[in-house]
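Notes follow the structure.
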Amino acid sequence: ALEELTRRATKEGFDVYTAPEIATLIFNSGFSFPTDRDGVFNFQKSMLRMQLTLERSMTNLAAHTGRPSIIVFDRGMMDAKGYMDAEMWDKVLSHVDLRHPVTEDYVRGRYDGVIHLVTAANGASKWYKWGKTKDDCGHEVFRKESPAEAIALDDQMIRVWSGHPRHIVIGNTEEGFSSKLERAANAVLGIAKEAHPQEYQKAQGIGPQLKSLFGFAK
């Protein structure tokens with residue numbers, strides 16, 4: 001999905017930046033998910049702190065280029081809510097940034113849009129990968145959920161993001177994965193146009209220049 005989005009958005013004149021998934025980064029560093037409640041709290045708090053720092057840093061770097069940019073985060077901070085009860089979620093939020101209060105409204109407001117790609121386990125089960133595996137870009141990832149657990153968690157993710165005004169769910173259809181990617185890319189570009197019309201217009205001026213210099217496959 002990220003490769004298709006990058007191709008499409010670059011063709012339209014945007015610079016595209018993609019952030020790693022924090023949980024995968026932690027697991028690939030050798031850490032395991034804790035089993036006790038205090039350990040889970042510390043893990044989730046640390047993960048969200050890393051996520052927020054990464055988001056703020058990448059946003060700052062992109063802004064200083066002066067170019068129309070799209071930053072794609074593989075996961076958003078609200079995702080963490082789906083992995084804990086309400087009491088722990090409130091506690092984690094209160095410890096993410098001790099200088100500035102972090103609320104759900106603040107978290108949702110950090111993202112211009114939320115694109116939810118429905119798990120392959122729901123409607124395209126033969127393509128679902130779990131355990132220690134590789135994603136579509138060949139990167140090592142860890143997915144502990146069975147297909148049934150993945151569907152349940154997927155539904156939970158849809159619920160936790162339901163309050164976002166630009167929450168778009170991309171399901172699996174008979175047209176296949178390429179259609180899913182195209183719909184996702186269209187959604188991201190539509191969000192960019194709606195949320196930042198001036199930057200979108202700037203990108204439209206850059207796109208034709210790039211096409212004449214390098215050319216792009218259709």
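Ligands are numbered from 1 in the order shown, residues from 1 within each chain, and chains are lettered A, B, ... in the order they appear in the structure tokens.
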For range 30-44 of chain A, please output as a list in words all residues within 10 Å (counting only C-alpha atoms; exclusion window: fewer than 6 positions along the same chain). Ala23, Thr24, Met50, Ala80, Lys81, Tyr83, Met84, Met88, Trp89, Lys91, Val92, Leu93, His95 and Val96 of chain A
Export of prior selection with N, CA, C and O atoms as a compact mmCIF listing (two decimals), in the first residue's frame:
# COMPACT_ATOMS: atom_id res chain seq x y z
N ALA A 23 5.62 -0.54 17.19
CA ALA A 23 5.58 -1.86 17.84
C ALA A 23 6.54 -2.83 17.17
O ALA A 23 7.28 -3.56 17.85
N THR A 24 6.55 -2.85 15.84
CA THR A 24 7.47 -3.73 15.12
C THR A 24 8.92 -3.35 15.39
O THR A 24 9.79 -4.22 15.56
N MET A 50 7.28 7.15 22.13
CA MET A 50 8.09 7.01 20.92
C MET A 50 7.31 7.46 19.70
O MET A 50 7.84 8.16 18.82
N ALA A 80 -3.53 2.21 20.01
CA ALA A 80 -3.17 1.61 21.30
C ALA A 80 -4.39 1.40 22.19
O ALA A 80 -4.41 0.47 23.01
N LYS A 81 -5.42 2.21 22.01
CA LYS A 81 -6.62 2.08 22.84
C LYS A 81 -7.26 0.71 22.67
O LYS A 81 -7.87 0.17 23.61
N TYR A 83 -5.88 -2.07 22.57
CA TYR A 83 -5.13 -3.13 23.21
C TYR A 83 -5.17 -3.06 24.74
O TYR A 83 -4.41 -3.76 25.40
N MET A 84 -6.04 -2.21 25.30
CA MET A 84 -6.10 -2.08 26.76
C MET A 84 -7.48 -1.64 27.19
O MET A 84 -8.30 -1.20 26.37
N MET A 88 -6.69 1.78 31.93
CA MET A 88 -5.28 1.88 31.56
C MET A 88 -5.06 2.90 30.45
O MET A 88 -4.07 3.64 30.46
N TRP A 89 -5.99 2.96 29.50
CA TRP A 89 -5.86 3.94 28.41
C TRP A 89 -5.80 5.36 28.95
O TRP A 89 -4.94 6.16 28.56
N LYS A 91 -4.85 6.27 31.90
CA LYS A 91 -3.59 6.42 32.64
C LYS A 91 -2.43 6.62 31.68
O LYS A 91 -1.55 7.46 31.91
N VAL A 92 -2.41 5.85 30.59
CA VAL A 92 -1.34 5.98 29.60
C VAL A 92 -1.35 7.38 28.99
O VAL A 92 -0.30 8.03 28.88
N LEU A 93 -2.53 7.85 28.59
CA LEU A 93 -2.62 9.19 28.00
C LEU A 93 -2.07 10.26 28.94
O LEU A 93 -1.41 11.21 28.50
N HIS A 95 0.29 10.05 30.95
CA HIS A 95 1.73 9.94 31.13
C HIS A 95 2.52 10.07 29.83
O HIS A 95 3.75 9.99 29.84
N VAL A 96 1.85 10.28 28.71
CA VAL A 96 2.55 10.35 27.42
C VAL A 96 3.42 11.60 27.33
O VAL A 96 4.59 11.54 26.92
DSSP strand (DSSP E or B) residues within chain A, listed as number ranges by chain: A: 15-19, 69-73, 114-117, 131-134, 140-143, 167-170
Restricting it to N, CA and C atoms, dump the selection as a short mmCIF file (atom, residue, chain, number, x, y, z; two decimals), in the first residue's frame.
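again01.cif was written with the following content:
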data_model
loop_
_atom_site.label_atom_id
_atom_site.label_comp_id
_atom_site.auth_asym_id
_atom_site.auth_seq_id
_atom_site.Cartn_x
_atom_site.Cartn_y
_atom_site.Cartn_z
N ASP A 15 6.02 15.20 -1.93
CA ASP A 15 7.05 14.40 -1.31
C ASP A 15 6.34 13.48 -0.32
N VAL A 16 6.73 12.23 -0.27
CA VAL A 16 6.07 11.26 0.61
C VAL A 16 7.07 10.69 1.60
N TYR A 17 6.70 10.72 2.87
CA TYR A 17 7.54 10.18 3.93
C TYR A 17 6.76 9.09 4.65
N THR A 18 7.39 7.97 4.91
CA THR A 18 6.71 6.86 5.56
C THR A 18 7.44 6.50 6.86
N ALA A 19 6.68 6.44 7.93
CA ALA A 19 7.25 6.15 9.24
C ALA A 19 7.14 4.66 9.56
N SER A 69 3.97 17.99 1.17
CA SER A 69 4.41 16.69 1.68
C SER A 69 3.25 15.90 2.28
N ILE A 70 3.37 14.59 2.19
CA ILE A 70 2.44 13.67 2.84
C ILE A 70 3.27 12.75 3.72
N ILE A 71 2.90 12.67 5.00
CA ILE A 71 3.57 11.76 5.92
C ILE A 71 2.59 10.63 6.24
N VAL A 72 3.03 9.41 6.04
CA VAL A 72 2.19 8.25 6.30
C VAL A 72 2.73 7.52 7.52
N PHE A 73 1.87 7.38 8.53
CA PHE A 73 2.24 6.61 9.71
C PHE A 73 1.52 5.27 9.65
N VAL A 114 -7.58 9.24 8.42
CA VAL A 114 -7.26 7.89 8.88
C VAL A 114 -7.78 6.91 7.83
N ILE A 115 -6.86 6.18 7.22
CA ILE A 115 -7.23 5.18 6.23
C ILE A 115 -7.10 3.81 6.88
N HIS A 116 -8.20 3.11 6.97
CA HIS A 116 -8.20 1.78 7.59
C HIS A 116 -8.31 0.73 6.49
N LEU A 117 -7.25 -0.03 6.28
CA LEU A 117 -7.27 -1.14 5.33
C LEU A 117 -7.73 -2.38 6.09
N GLY A 131 2.17 -14.47 12.81
CA GLY A 131 3.41 -14.94 13.39
C GLY A 131 4.56 -14.06 12.92
N LYS A 132 5.77 -14.57 12.96
CA LYS A 132 6.91 -13.83 12.45
C LYS A 132 6.95 -14.01 10.95
N THR A 133 6.73 -12.93 10.23
CA THR A 133 6.60 -13.03 8.78
C THR A 133 7.16 -11.76 8.14
N LYS A 134 6.87 -11.57 6.89
CA LYS A 134 7.31 -10.38 6.17
C LYS A 134 6.11 -9.67 5.58
N GLU A 140 10.60 -7.58 7.88
CA GLU A 140 10.20 -8.52 8.91
C GLU A 140 9.24 -7.85 9.90
N VAL A 141 8.12 -8.50 10.16
CA VAL A 141 7.12 -7.99 11.10
C VAL A 141 6.63 -9.15 11.97
N PHE A 142 6.00 -8.81 13.06
CA PHE A 142 5.42 -9.84 13.93
C PHE A 142 3.95 -9.57 14.10
N ARG A 143 3.11 -10.52 13.71
CA ARG A 143 1.66 -10.43 13.87
C ARG A 143 1.20 -11.63 14.69
N HIS A 167 -12.35 9.45 8.53
CA HIS A 167 -12.02 8.05 8.79
C HIS A 167 -12.60 7.23 7.64
N ILE A 168 -11.73 6.67 6.82
CA ILE A 168 -12.15 5.95 5.63
C ILE A 168 -11.74 4.49 5.74
N VAL A 169 -12.71 3.61 5.60
CA VAL A 169 -12.47 2.17 5.70
C VAL A 169 -12.41 1.57 4.29
N ILE A 170 -11.30 0.90 3.98
CA ILE A 170 -11.09 0.30 2.66
C ILE A 170 -11.19 -1.22 2.82
#
Report as CSV the residues of range 39-139 of chain A within 9 Å of range 148-156 of chain A, each with its shortest atom pair and distance in Å (one decimal), using only C-alpha atoms, ordered by chain and increasing residue number.
residue,atom,partner,partner_atom,distance
A:Asp79,CA,A:Gln156,CA,8.9
A:Gly82,CA,A:Gln156,CA,6.0
A:Tyr83,CA,A:Leu153,CA,8.5
A:His116,CA,A:Asp154,CA,8.9
A:Val118,CA,A:Asp154,CA,6.8
A:Thr119,CA,A:Asp154,CA,6.6
A:Ala120,CA,A:Ile151,CA,8.7
A:Ala121,CA,A:Ile151,CA,6.3
A:Asn122,CA,A:Ile151,CA,6.1
Please produce a file of those selected residues containing C-alpha atoms, as a short mmCIF file (atom, residue, chain, number, x, y, z; two decimals), in the first residue's frame.
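What ended up in again_0.cif:
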data_model
loop_
_atom_site.label_atom_id
_atom_site.label_comp_id
_atom_site.auth_asym_id
_atom_site.auth_seq_id
_atom_site.Cartn_x
_atom_site.Cartn_y
_atom_site.Cartn_z
CA ASP A 79 -4.63 2.24 17.85
CA GLY A 82 -7.73 -1.18 21.25
CA TYR A 83 -5.13 -3.13 23.21
CA HIS A 116 -8.20 1.78 7.59
CA VAL A 118 -9.47 -4.02 6.44
CA THR A 119 -7.42 -7.06 7.42
CA ALA A 120 -6.96 -9.71 4.75
CA ALA A 121 -8.36 -12.15 7.30
CA ASN A 122 -11.76 -10.62 6.58
#
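Of the listed residues A:Arg166, A:Arg99, A:Pro68, A:Met77, the one whose atoms come nearest to Glu12 in chain A is A:Pro68, with distances taken using only C-alpha atoms.
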Pick from A:Lys129, A:His196, A:Arg108, A:Lys11: nearest to Met78 in chain A, with only C-alpha atoms counted? A:Arg108
As a compact mmCIF listing (two decimals) with N, CA and C atoms, in the first residue's frame, please: every residue in range 116-190 of chain A that DSSP puts in helix (DSSP H, G or I).
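Contents of the output file part07.txt:
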# COMPACT_ATOMS: atom_id res chain seq x y z
N SER A 125 -8.78 -14.18 3.12
CA SER A 125 -8.08 -14.94 4.15
C SER A 125 -6.83 -15.67 3.65
N LYS A 126 -6.82 -16.06 2.39
CA LYS A 126 -5.65 -16.81 1.90
C LYS A 126 -4.40 -15.94 1.85
N TRP A 127 -4.57 -14.63 1.92
CA TRP A 127 -3.43 -13.72 1.89
C TRP A 127 -3.03 -13.25 3.28
N PRO A 147 -6.34 -15.50 12.45
CA PRO A 147 -7.33 -14.83 11.59
C PRO A 147 -8.57 -14.35 12.35
N ALA A 148 -9.12 -15.19 13.24
CA ALA A 148 -10.31 -14.77 14.00
C ALA A 148 -9.99 -13.61 14.92
N GLU A 149 -8.82 -13.66 15.56
CA GLU A 149 -8.42 -12.56 16.44
C GLU A 149 -8.17 -11.29 15.64
N ALA A 150 -7.63 -11.45 14.43
CA ALA A 150 -7.35 -10.29 13.59
C ALA A 150 -8.64 -9.57 13.19
N ILE A 151 -9.68 -10.34 12.89
CA ILE A 151 -10.96 -9.73 12.52
C ILE A 151 -11.56 -8.99 13.70
N ALA A 152 -11.50 -9.60 14.89
CA ALA A 152 -12.03 -8.95 16.09
C ALA A 152 -11.27 -7.67 16.40
N LEU A 153 -9.95 -7.73 16.28
CA LEU A 153 -9.13 -6.54 16.54
C LEU A 153 -9.36 -5.48 15.49
N ASP A 154 -9.55 -5.90 14.25
CA ASP A 154 -9.82 -4.96 13.16
C ASP A 154 -11.09 -4.18 13.43
N ASP A 155 -12.13 -4.88 13.87
CA ASP A 155 -13.39 -4.22 14.21
C ASP A 155 -13.18 -3.23 15.36
N GLN A 156 -12.32 -3.62 16.32
CA GLN A 156 -12.02 -2.73 17.44
C GLN A 156 -11.30 -1.48 16.97
N MET A 157 -10.37 -1.62 16.02
CA MET A 157 -9.66 -0.46 15.50
C MET A 157 -10.61 0.50 14.80
N ILE A 158 -11.58 -0.04 14.09
CA ILE A 158 -12.57 0.81 13.43
C ILE A 158 -13.35 1.60 14.47
N ARG A 159 -13.68 0.95 15.58
CA ARG A 159 -14.45 1.64 16.63
C ARG A 159 -13.64 2.75 17.29
N VAL A 160 -12.35 2.49 17.59
CA VAL A 160 -11.59 3.49 18.32
C VAL A 160 -11.31 4.74 17.48
N PHE A 177 -6.44 -7.11 -4.65
CA PHE A 177 -5.59 -6.23 -3.84
C PHE A 177 -5.22 -4.95 -4.58
N SER A 178 -5.02 -5.02 -5.89
CA SER A 178 -4.65 -3.82 -6.64
C SER A 178 -5.74 -2.76 -6.56
N SER A 179 -7.00 -3.20 -6.59
CA SER A 179 -8.11 -2.27 -6.44
C SER A 179 -8.12 -1.64 -5.05
N LYS A 180 -7.79 -2.44 -4.05
CA LYS A 180 -7.73 -1.94 -2.67
C LYS A 180 -6.65 -0.87 -2.54
N LEU A 181 -5.50 -1.11 -3.16
CA LEU A 181 -4.42 -0.13 -3.12
C LEU A 181 -4.80 1.16 -3.82
N GLU A 182 -5.46 1.02 -4.96
CA GLU A 182 -5.87 2.21 -5.72
C GLU A 182 -6.86 3.04 -4.92
N ARG A 183 -7.82 2.37 -4.27
CA ARG A 183 -8.81 3.09 -3.47
C ARG A 183 -8.15 3.78 -2.28
N ALA A 184 -7.16 3.13 -1.68
CA ALA A 184 -6.45 3.74 -0.56
C ALA A 184 -5.68 4.98 -1.00
N ALA A 185 -4.98 4.88 -2.13
CA ALA A 185 -4.22 6.01 -2.65
C ALA A 185 -5.14 7.17 -3.00
N ASN A 186 -6.29 6.85 -3.62
CA ASN A 186 -7.27 7.90 -3.95
C ASN A 186 -7.78 8.59 -2.69
N ALA A 187 -7.98 7.80 -1.64
CA ALA A 187 -8.47 8.36 -0.39
C ALA A 187 -7.46 9.32 0.23
N VAL A 188 -6.19 8.93 0.23
CA VAL A 188 -5.15 9.79 0.80
C VAL A 188 -5.04 11.09 0.02
N LEU A 189 -5.04 11.00 -1.30
CA LEU A 189 -4.93 12.22 -2.11
C LEU A 189 -6.18 13.09 -1.94
N GLY A 190 -7.34 12.47 -1.78
CA GLY A 190 -8.56 13.23 -1.53
C GLY A 190 -8.50 13.96 -0.21
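Counting only C-alpha atoms and comparing A:Arg8, A:Lys202, A:His164, A:Lys193, the residue that lies closest to Asp105 in chain A is A:His164.
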Report the distance between CA of Glu199 in chain A and CA of Pro20 in chain A in Å, rounded to one decimal place. 24.5 Å
Do you have the CA of Ser29 in chain A-CA of Gly76 in chain A distance handy?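 Between CA of Ser29 in chain A and CA of Gly76 in chain A the gap is 20.3 Å.
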With only C-alpha atoms as the atoms that count, which of A:Asp90, A:Phe14, A:His100, A:Phe27 lies nearest to Ala62 in chain A?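 Nearest candidate to Ala62 in chain A out of A:Asp90, A:Phe14, A:His100, A:Phe27: A:Phe14.
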For the atom pair CA of Asp112 in chain A and CA of Ala203 in chain A, what is the interatomic distance in Å to one decimal place?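 Atom-to-atom, CA of Asp112 in chain A to CA of Ala203 in chain A, that is 16.9 Å.
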